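Structure file target_15.txt (compact mmCIF, C-alpha atoms) is printed below.
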```txt
# COMPACT_ATOMS: atom_id res chain seq x y z
CA MET M 1466 0.00 0.00 0.00
CA ILE M 1467 1.02 3.60 -0.54
CA THR M 1468 2.46 5.08 2.66
CA LYS M 1469 1.62 8.46 4.19
CA ALA M 1470 5.19 9.50 3.43
CA GLU M 1471 4.72 8.81 -0.29
CA TYR M 1472 1.47 10.78 -0.41
CA GLU M 1473 3.25 13.65 1.30
CA GLU M 1474 6.09 13.43 -1.22
CA ARG M 1475 3.59 13.65 -4.08
CA ARG M 1476 2.00 16.76 -2.60
CA ILE M 1477 5.40 18.39 -2.10
CA LYS M 1478 6.30 17.66 -5.72
CA LEU M 1479 3.04 19.18 -6.90
CA GLN M 1480 3.59 22.32 -4.82
CA ASP M 1481 7.10 22.59 -6.28
CA GLU M 1482 5.56 22.45 -9.77
CA VAL M 1483 3.06 25.15 -8.83
CA ASN M 1484 5.98 27.40 -7.94
CA LYS M 1485 7.95 26.48 -11.07
CA GLN M 1486 4.93 27.47 -13.17
CA LYS M 1487 4.78 30.77 -11.22
CA LEU M 1488 1.19 30.10 -10.17
CA ASP M 1489 -0.48 31.46 -7.05
CA ALA M 1490 -2.65 28.36 -6.82
CA PHE M 1491 -3.48 25.14 -8.63
CA LEU M 1492 -6.95 23.58 -8.47
CA VAL M 1493 -7.20 19.77 -8.36
CA SER M 1494 -10.68 18.45 -9.11
CA SER M 1495 -10.55 15.01 -10.77
CA GLU M 1496 -11.32 11.93 -8.70
CA GLU M 1497 -8.17 10.09 -9.77
CA SER M 1498 -5.93 13.07 -8.99
CA ILE M 1499 -7.42 13.54 -5.53
CA TYR M 1500 -6.96 9.82 -4.83
CA TYR M 1501 -3.37 10.02 -6.11
CA LEU M 1502 -2.55 12.90 -3.77
CA THR M 1503 -4.43 11.73 -0.66
CA GLY M 1504 -5.30 8.03 -0.84
CA VAL M 1505 -8.84 8.95 0.19
CA SER M 1506 -11.47 7.09 -1.82
CA TYR M 1507 -14.93 8.52 -2.34
CA ILE M 1508 -17.78 8.66 -4.84
CA PRO M 1509 -18.44 12.30 -5.82
CA PHE M 1510 -21.76 11.79 -7.62
CA GLU M 1511 -22.93 15.33 -8.47
CA ARG M 1512 -21.07 16.95 -5.56
CA PRO M 1513 -17.62 18.25 -6.61
CA PHE M 1514 -14.47 17.91 -4.48
CA PHE M 1515 -11.51 20.28 -4.74
CA ILE M 1516 -8.01 20.65 -3.40
CA ILE M 1517 -6.38 24.06 -3.78
CA PHE M 1518 -2.60 23.81 -3.82
CA TRP M 1519 -1.17 27.17 -2.85
CA SER M 1520 2.31 28.26 -3.85
CA ASN M 1521 3.38 28.95 -0.27
CA ASP M 1522 0.86 27.36 2.12
CA ASN M 1523 -0.76 24.05 3.03
CA PRO M 1524 -3.46 22.79 0.66
CA THR M 1525 -7.14 23.55 1.26
CA PHE M 1526 -9.92 21.01 0.68
CA ILE M 1527 -13.46 21.99 -0.36
CA VAL M 1528 -15.86 19.09 0.11
CA PRO M 1529 -19.58 18.42 0.65
CA ALA M 1530 -20.69 18.66 4.29
CA LEU M 1531 -21.49 14.95 4.48
CA GLU M 1532 -17.83 14.18 3.61
CA LYS M 1533 -16.10 16.66 5.92
CA GLU M 1534 -15.27 14.23 8.75
CA HIS M 1535 -14.15 11.62 6.25
CA MET M 1536 -11.71 14.12 4.74
CA ARG M 1537 -10.62 15.64 8.06
CA ASN M 1538 -9.61 12.20 9.27
CA SER M 1539 -7.03 12.16 6.51
CA GLU M 1540 -5.16 14.99 8.30
CA LEU M 1541 -3.96 16.38 5.00
CA GLY M 1542 -4.86 20.06 5.22
CA ASP M 1543 -7.60 22.57 6.02
CA VAL M 1544 -11.08 21.32 5.13
CA ILE M 1545 -13.83 23.73 4.09
CA ASP M 1546 -17.25 22.18 3.64
CA TYR M 1547 -20.23 23.40 1.62
CA TRP M 1548 -23.93 22.66 1.89
CA GLU M 1549 -25.18 20.13 -0.64
CA PHE M 1550 -25.86 20.44 -4.35
CA PRO M 1551 -27.68 22.42 -5.51
CA SER M 1552 -27.34 24.99 -2.73
CA PRO M 1553 -28.94 28.29 -1.85
CA SER M 1554 -26.86 31.30 -2.81
CA GLY M 1555 -23.94 31.94 -0.49
CA ILE M 1556 -23.32 28.45 0.92
CA GLY M 1557 -22.58 26.28 -2.14
CA TRP M 1558 -19.27 25.03 -3.50
CA SER M 1559 -18.93 27.90 -5.98
CA ASP M 1560 -19.31 30.52 -3.24
CA LYS M 1561 -16.65 28.87 -1.05
CA LEU M 1562 -14.29 28.34 -3.97
CA ILE M 1563 -14.48 31.91 -5.28
CA LYS M 1564 -14.04 33.33 -1.79
CA LEU M 1565 -10.88 31.28 -1.21
CA LEU M 1566 -9.44 32.23 -4.60
CA ASN M 1567 -10.36 35.90 -4.15
CA LYS M 1568 -6.80 37.27 -4.38
CA THR M 1569 -5.44 34.68 -6.80
CA ALA M 1570 -3.90 36.32 -9.86
CA LYS M 1571 -2.45 33.22 -11.56
CA LEU M 1572 -4.57 30.09 -11.30
CA GLY M 1573 -3.75 26.70 -12.79
CA VAL M 1574 -6.38 23.99 -13.30
CA GLU M 1575 -6.43 20.41 -14.53
CA PRO M 1576 -7.18 19.98 -18.25
CA SER M 1577 -10.07 17.69 -17.28
CA LEU M 1578 -11.85 20.43 -15.31
CA ARG M 1579 -15.62 20.33 -15.80
CA LEU M 1580 -16.92 23.03 -18.14
CA ASP M 1581 -19.44 24.37 -15.60
CA ILE M 1582 -16.67 24.81 -13.03
CA ALA M 1583 -14.38 26.46 -15.58
CA LYS M 1584 -17.16 28.92 -16.44
CA ILE M 1585 -17.48 29.98 -12.81
CA LEU M 1586 -13.72 30.59 -12.73
CA ASP M 1587 -13.70 32.77 -15.87
CA ASP M 1588 -12.67 35.91 -13.96
CA PHE M 1589 -9.47 34.15 -12.81
CA SER M 1590 -8.42 33.27 -16.39
CA PRO M 1591 -7.52 29.71 -15.36
CA LYS M 1592 -4.64 28.04 -17.19
CA PRO M 1593 -5.04 24.31 -17.89
CA ILE M 1594 -1.77 22.47 -17.08
CA PRO M 1595 -1.38 18.67 -16.68
CA LEU M 1596 0.71 18.89 -13.50
CA VAL M 1597 -0.75 15.85 -11.74
CA GLU M 1598 -0.90 13.79 -14.94
CA THR M 1599 2.82 14.45 -15.45
CA LEU M 1600 3.67 13.39 -11.88
CA ARG M 1601 1.75 10.14 -12.45
CA LEU M 1602 3.73 9.11 -15.55
CA ILE M 1603 6.64 7.51 -13.69
CA LYS M 1604 5.65 4.94 -11.09
CA SER M 1605 7.23 4.50 -7.67
CA GLU M 1606 8.47 1.16 -6.38
CA THR M 1607 5.26 0.72 -4.38
CA GLU M 1608 3.07 1.60 -7.35
CA ILE M 1609 4.87 -0.99 -9.46
CA LYS M 1610 4.20 -3.63 -6.78
CA MET M 1611 0.52 -2.69 -6.85
CA LEU M 1612 0.44 -2.87 -10.65
CA LYS M 1613 2.07 -6.31 -10.47
CA ARG M 1614 -0.68 -7.41 -8.10
CA ALA M 1615 -3.38 -6.09 -10.43
CA SER M 1616 -1.65 -7.85 -13.35
CA HIS M 1617 -1.70 -11.10 -11.38
CA TYR M 1618 -5.48 -10.92 -11.00
CA ALA M 1619 -5.93 -9.90 -14.64
CA ASP M 1620 -4.06 -13.08 -15.60
CA ILE M 1621 -6.22 -15.17 -13.27
CA LEU M 1622 -9.39 -13.82 -14.84
CA MET M 1623 -8.06 -14.42 -18.35
CA SER M 1624 -7.26 -18.00 -17.39
CA LYS M 1625 -10.78 -18.53 -16.05
CA ILE M 1626 -12.39 -17.10 -19.19
CA ILE M 1627 -10.27 -19.16 -21.58
CA SER M 1628 -10.66 -22.35 -19.54
CA THR M 1629 -14.46 -22.06 -19.54
CA SER M 1630 -14.73 -21.24 -23.26
CA TYR M 1631 -16.16 -23.65 -25.80
CA TYR M 1632 -17.92 -23.48 -29.13
CA GLY M 1633 -21.41 -22.10 -28.47
CA ALA M 1634 -20.65 -20.56 -25.06
CA SER M 1635 -22.35 -17.24 -24.34
CA VAL M 1636 -20.80 -13.86 -23.54
CA LEU M 1637 -22.62 -14.11 -20.19
CA GLU M 1638 -20.49 -17.10 -19.21
CA SER M 1639 -17.23 -15.21 -19.74
CA PHE M 1640 -18.55 -12.04 -18.11
CA SER M 1641 -19.62 -13.94 -14.98
CA GLN M 1642 -16.04 -15.06 -14.26
CA GLY M 1643 -15.12 -11.62 -12.87
CA ARG M 1644 -17.17 -12.07 -9.70
CA GLY M 1645 -15.13 -15.06 -8.58
CA VAL M 1646 -11.84 -13.23 -9.06
CA GLN M 1647 -13.13 -10.19 -7.15
CA ALA M 1648 -14.07 -12.53 -4.31
CA GLN M 1649 -10.51 -13.90 -4.41
CA VAL M 1650 -9.08 -10.38 -4.06
CA LEU M 1651 -11.33 -9.82 -1.05
CA LYS M 1652 -10.33 -13.13 0.52
CA GLU M 1653 -6.62 -12.46 0.11
CA GLY M 1654 -6.81 -9.14 1.99
CA ASN M 1655 -5.93 -5.48 1.35
CA PHE M 1656 -9.22 -4.85 -0.41
CA GLU M 1657 -10.68 -1.38 -1.02
CA PRO M 1658 -14.24 -1.77 -2.35
CA LEU M 1659 -14.50 1.68 -3.95
CA THR M 1660 -11.25 1.29 -5.90
CA THR M 1661 -11.37 -2.39 -6.87
CA ASP M 1662 -13.14 -3.67 -9.97
CA ILE M 1663 -12.53 -6.91 -11.87
CA VAL M 1664 -14.15 -7.12 -15.30
CA GLY M 1665 -13.76 -9.51 -18.21
CA ALA M 1666 -15.76 -10.37 -21.31
CA THR M 1667 -15.42 -11.97 -24.73
CA TRP M 1668 -16.22 -10.35 -28.08
CA PRO M 1669 -17.45 -13.05 -30.53
CA ALA M 1670 -16.59 -12.87 -34.22
CA PRO M 1671 -17.24 -10.96 -36.38
CA PHE M 1672 -18.36 -8.49 -33.66
CA SER M 1673 -14.79 -8.65 -32.33
CA SER M 1674 -13.91 -6.26 -35.17
CA GLN M 1675 -15.60 -3.55 -33.06
CA PRO M 1676 -13.23 -3.27 -30.08
CA HIS M 1677 -15.36 -0.69 -28.27
CA GLY M 1678 -18.72 -2.14 -29.23
CA ILE M 1679 -20.69 -3.88 -26.50
CA PRO M 1680 -21.64 -7.50 -27.22
CA ASP M 1681 -24.99 -8.78 -26.00
CA ILE M 1682 -24.66 -11.21 -23.11
CA SER M 1683 -26.64 -13.75 -25.14
CA ASP M 1684 -24.19 -13.65 -28.06
CA LYS M 1685 -22.51 -16.99 -28.72
CA MET M 1686 -18.89 -17.90 -29.37
CA GLY M 1687 -18.44 -19.19 -32.89
CA GLU M 1688 -15.46 -19.89 -35.09
CA GLY M 1689 -13.49 -16.85 -34.04
CA PRO M 1690 -11.40 -14.83 -33.83
CA LEU M 1691 -12.69 -14.17 -30.31
CA VAL M 1692 -11.21 -11.26 -28.38
CA THR M 1693 -11.27 -11.40 -24.58
CA ILE M 1694 -10.56 -8.43 -22.34
CA SER M 1695 -9.51 -8.92 -18.72
CA SER M 1696 -9.21 -5.73 -16.69
CA ALA M 1697 -8.28 -5.69 -13.02
CA ARG M 1698 -8.28 -2.51 -10.94
CA VAL M 1699 -7.10 -3.44 -7.44
CA ASN M 1700 -6.95 -0.77 -4.71
CA GLY M 1701 -6.84 1.94 -7.36
CA TYR M 1702 -4.23 0.51 -9.73
CA ALA M 1703 -5.29 -0.95 -13.08
CA ALA M 1704 -3.82 -3.64 -15.32
CA GLU M 1705 -5.09 -5.34 -18.45
CA VAL M 1706 -4.45 -8.46 -20.46
CA GLU M 1707 -6.26 -9.13 -23.72
CA ARG M 1708 -6.11 -12.18 -25.97
CA THR M 1709 -7.39 -13.30 -29.35
CA TYR M 1710 -8.34 -16.97 -29.36
CA PHE M 1711 -10.33 -19.63 -31.20
CA VAL M 1712 -12.77 -22.34 -30.12
CA LYS M 1713 -12.39 -24.11 -33.46
CA LYS M 1714 -9.25 -24.69 -35.49
CA PRO M 1715 -8.56 -21.36 -37.26
CA SER M 1716 -8.48 -21.11 -41.04
CA GLU M 1717 -5.19 -20.51 -42.83
CA LYS M 1718 -6.30 -16.93 -43.52
CA ASN M 1719 -6.99 -16.31 -39.85
CA LYS M 1720 -3.64 -17.85 -38.93
CA LYS M 1721 -1.90 -15.41 -41.28
CA ILE M 1722 -3.68 -12.35 -39.87
CA TYR M 1723 -2.99 -13.57 -36.34
CA GLN M 1724 0.72 -13.89 -37.17
CA ASP M 1725 0.77 -10.38 -38.68
CA MET M 1726 -0.63 -9.06 -35.39
CA MET M 1727 1.96 -11.05 -33.45
CA ASP M 1728 4.81 -9.74 -35.59
CA ALA M 1729 3.67 -6.15 -35.06
CA ARG M 1730 3.52 -6.85 -31.35
CA THR M 1731 7.06 -8.25 -31.46
CA ILE M 1732 8.27 -4.97 -32.96
CA GLY M 1733 6.70 -3.21 -29.99
CA PHE M 1734 8.41 -5.38 -27.41
CA GLU M 1735 11.76 -5.11 -29.21
CA LYS M 1736 11.61 -1.32 -29.51
CA VAL M 1737 10.12 -0.30 -26.16
CA LYS M 1738 12.82 1.11 -23.88
CA PRO M 1739 13.76 4.40 -22.20
CA GLY M 1740 14.36 7.27 -24.62
CA VAL M 1741 12.03 6.02 -27.36
CA LYS M 1742 9.52 8.55 -28.69
CA CYS M 1743 6.01 7.17 -28.39
CA SER M 1744 5.07 8.73 -31.74
CA ASP M 1745 7.96 7.00 -33.52
CA LEU M 1746 7.00 3.63 -32.08
CA ASP M 1747 3.38 3.97 -33.19
CA LYS M 1748 4.40 5.13 -36.67
CA GLU M 1749 6.74 2.16 -37.15
CA ILE M 1750 4.16 -0.43 -36.12
CA LYS M 1751 1.42 1.18 -38.21
CA LYS M 1752 3.72 1.28 -41.24
CA TYR M 1753 4.53 -2.40 -40.79
CA LEU M 1754 0.86 -3.36 -40.74
CA LYS M 1755 0.02 -1.04 -43.65
CA ASP M 1756 2.79 -2.60 -45.74
CA LEU M 1757 1.14 -5.99 -45.13
CA GLY M 1758 -2.12 -4.68 -46.58
CA HIS M 1759 -3.98 -3.93 -43.34
CA GLU M 1760 -4.24 -0.16 -43.74
CA ASP M 1761 -8.05 -0.23 -43.90
CA TYR M 1762 -8.27 -2.43 -40.82
CA LEU M 1763 -6.41 -0.32 -38.23
CA LEU M 1764 -8.57 1.45 -35.65
CA HIS M 1765 -6.32 2.64 -32.82
CA ARG M 1766 -2.88 3.50 -31.50
CA THR M 1767 -0.30 0.97 -30.33
CA GLY M 1768 -0.92 1.50 -26.62
CA HIS M 1769 -1.43 3.73 -23.60
CA GLY M 1770 -0.26 4.16 -20.03
CA LEU M 1771 -1.68 2.31 -17.05
CA GLY M 1772 -1.76 3.28 -13.40
CA LEU M 1773 -4.62 4.78 -11.45
CA GLY M 1774 -6.31 5.07 -14.82
CA ALA M 1775 -6.97 2.14 -17.11
CA HIS M 1776 -6.12 4.65 -19.84
CA GLU M 1777 -3.62 7.40 -19.02
CA GLY M 1778 -0.31 8.78 -20.31
CA PRO M 1779 2.08 8.06 -21.83
CA TRP M 1780 0.18 7.70 -25.09
CA ILE M 1781 1.78 5.36 -27.65
CA ALA M 1782 0.31 7.30 -30.56
CA GLU M 1783 1.49 9.26 -33.60
CA GLY M 1784 0.36 12.57 -32.14
CA SER M 1785 1.98 11.99 -28.75
CA LYS M 1786 4.85 14.08 -27.43
CA ASP M 1787 5.64 11.53 -24.70
CA VAL M 1788 9.05 9.86 -24.46
CA LEU M 1789 9.34 6.52 -22.67
CA GLN M 1790 11.19 6.54 -19.36
CA GLU M 1791 12.17 3.91 -16.84
CA ASN M 1792 9.28 2.87 -14.53
CA MET M 1793 6.53 3.98 -16.85
CA VAL M 1794 3.87 1.31 -17.36
CA ILE M 1795 2.14 0.92 -20.72
CA SER M 1796 0.08 -1.45 -22.84
CA ILE M 1797 1.34 -2.89 -26.13
CA GLU M 1798 -1.68 -3.77 -28.26
CA PRO M 1799 -1.52 -3.30 -32.04
CA GLY M 1800 -4.76 -4.61 -33.54
CA ILE M 1801 -6.24 -5.62 -36.89
CA TYR M 1802 -10.03 -5.41 -37.35
CA ILE M 1803 -11.70 -6.90 -40.43
CA PRO M 1804 -15.51 -6.39 -40.36
CA GLU M 1805 -16.48 -9.65 -42.05
CA ILE M 1806 -13.94 -11.73 -40.04
CA GLY M 1807 -13.33 -10.17 -36.62
CA GLY M 1808 -10.59 -8.64 -34.52
CA PHE M 1809 -7.02 -9.71 -33.79
CA ARG M 1810 -5.44 -8.10 -30.72
CA HIS M 1811 -3.37 -9.08 -27.72
CA SER M 1812 -2.59 -6.60 -24.95
CA ASP M 1813 -0.25 -6.78 -21.99
CA THR M 1814 0.65 -4.51 -19.09
CA VAL M 1815 4.33 -3.68 -19.61
CA LEU M 1816 6.89 -2.05 -17.30
CA ILE M 1817 9.63 0.08 -18.87
CA THR M 1818 12.92 -1.08 -17.32
CA LYS M 1819 16.41 0.43 -17.39
CA GLU M 1820 17.44 -1.73 -20.35
CA GLY M 1821 14.12 -2.35 -22.08
CA ASN M 1822 10.80 -3.70 -20.82
CA LYS M 1823 9.14 -6.47 -18.85
CA SER M 1824 5.58 -7.70 -19.19
CA LEU M 1825 3.74 -7.74 -15.87
CA THR M 1826 0.95 -9.88 -17.33
CA LYS M 1827 2.05 -13.41 -18.14
CA TYR M 1828 -0.81 -15.21 -19.87
CA PRO M 1829 0.34 -17.22 -22.95
CA ASP M 1830 -0.02 -15.48 -26.30
CA ASP M 1831 0.86 -18.26 -28.78
CA LEU M 1832 -1.77 -19.62 -31.16
CA GLN M 1833 -1.50 -23.19 -29.92
CA SER M 1834 -2.31 -22.17 -26.33
CA LEU M 1835 -5.18 -20.02 -27.59
CA THR M 1836 -6.88 -22.62 -29.77
CA ILE M 1837 -9.50 -24.33 -27.58
CA THR M 1838 -11.07 -27.36 -29.25
CA SER M 1839 -12.11 -29.45 -26.21
CA LEU M 1840 -15.84 -30.22 -26.05
CA LYS M 1841 -15.89 -29.47 -22.27
CA PRO M 1842 -19.16 -31.28 -21.45
CA LEU M 1843 -19.14 -30.22 -17.78
CA LYS M 1844 -18.57 -26.57 -18.72
CA ARG M 1845 -21.46 -26.81 -21.18
CA ILE M 1846 -23.79 -28.09 -18.45
CA LYS M 1847 -22.72 -25.33 -16.08
CA GLY M 1848 -23.05 -22.74 -18.86
CA LYS M 1849 -26.58 -23.91 -19.59
CA MET M 1850 -27.45 -23.42 -15.91
CA VAL M 1851 -25.95 -19.92 -15.93
CA ARG M 1852 -27.91 -18.96 -19.06
CA SER M 1853 -31.14 -20.38 -17.69
CA VAL M 1854 -31.03 -18.01 -14.71
CA ILE M 1855 -31.81 -15.06 -17.00
CA GLY M 1856 -33.58 -17.02 -19.70
CA ILE M 1857 -31.11 -17.01 -22.60
```
Starting from the file, lay out its structure as structure tokens.
Amino acid sequence: MITKAEYEERRIKLQDEVNKQKLDAFLVSSEESIYYLTGVSYIPFERPFFIIFWSNDNPTFIVPALEKEHMRNSELGDVIDYWEFPSPSGIGWSDKLIKLLNKTAKLGVEPSLRLDIAKILDDFSPKPIPLVETLRLIKSETEIKMLKRASHYADILMSKIISTSYYGASVLESFSQGRGVQAQVLKEGNFEPLTTDIVGATWPAPFSSQPHGIPDISDKMGEGPLVTISSARVNGYAAEVERTYFVKKPSEKNKKIYQDMMDARTIGFEKVKPGVKCSDLDKEIKKYLKDLGHEDYLLHRTGHGLGLGAHEGPWIAEGSKDVLQENMVISIEPGIYIPEIGGFRHSDTVLITKEGNKSLTKYPDDLQSLTITSLKPLKRIKGKMVRSVIGI
């Protein structure tokens, strides 16, 4: 777990950045950023939370009244509470915030600041700067341990999904595996319910060519390619492992496309190391796949960062200005998506090391391991029982 000393170090670093940017104050408002700086988990709903980082004073919290004791117990700074949302004039969050910022000439805000909040701050001419996002790019030793733990559970869920897959299985059967893994996290201790979420599902073909489409739970697994996503967020830190697999022997054409995806992925693992420009990496992998004739079947970048966010910097994309550094954690996931066939994508959670990289997720990625032809009669019986519960 993250220690109080590490949270304090993060806040000191942020205050140093506030001074380097010559700001009077910096407003933190996103849930992930507040969790990163305090370790306090909460659900904001419609009630905003703020931390004002002053250039030369302790931070000030602005929170809903029903959260004030929760936040005061953190002993992290002055806590100002406001009355509910919406509030009568004079006692809401906007009144408290404007009063505290009254003499602020240079105000920085997070780029993710809500538009309605930004509008209220118009008179302060707020400057969006990704100060917290930049601090989060390089992981500490403790964060890496937590990401390894999340990766471990992502692998477990992937194993459960693959092992219960068979020709004709439903999406519901793969989706239901996440509950058992979440129970395992709880049983093994150090479990934070608000910041832990274990989710997995399978995209049947040809729907697997729509990586961000949502399959129906009644959809059935056919010839493939099937794409399974296993995402584990454990005590705030997120990891992912994704695999393309088959529940019938793949055709020669599918084998070729699968190998093209694997070769592009190999380029990623060979090239990823400190000092590499993320844009250059993405360009090289995209060019490789385009040269193989897949130009019309590419839908996304090579990868993204992982940490408190399942998607965060650094961005492994052509338009990115990020440069890989030791102890960053990223995904490597070039994909090929052919509408009439399906999707081909593996993804792993990868640590940037001093000399290169190391995958924190370990599930096999070879075609032989991912071709499942067993009839699995017991799994079929259990799957039928699962489907019957909701009548599919």
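Across the structure, CA of Tyr1507 in chain M and CA of Val1544 in chain M are spaced 15.3 Å apart.
Comparing M:Pro1680, M:Val1712, M:Thr1814, M:Ile1585 by their smallest distance to Thr1629 in chain M, the closest is M:Val1712 (using all atoms listed in the file).
You can rank M:Lys1751, M:Leu1479, M:Val1664, M:Leu1773 by their closest distance to Tyr1500 in chain M using only C-alpha atoms, and at the top of that list sits M:Leu1773.
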Just the number, please: distance in Å from CA of Val1815 in chain M to CA of Gln1675 in chain M, one decimal. 24.0 Å
Got a sec: who's within 10 Å of Ala1775 in chain M, counting only C-alpha atoms, leaving out chain neighbours fewer than 2 positions off, as a ChimeraX atom specification? /M:1696-1698,1701-1705,1769-1773,1777-1778,1795-1796
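Of the listed residues M:Pro1595, M:Pro1658, M:Pro1779, M:Gly1689, the one whose atoms come nearest to Lys1713 in chain M is M:Gly1689, with distances taken using all atoms listed in the file.
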Enumerate, as number ranges by chain, the protein, DNA and RNA residues whose atoms approach (-17.4, -14.6, -14.0) to within 12 Å, taking into account all atoms listed in the file and the coordinate frame of the file. M: 1621-1630, 1635-1649, 1663-1667, 1695, 1848, 1851
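Pairwise distance (CA of Ile1817 in chain M, CA of Glu1749 in chain M) equals 18.6 Å.
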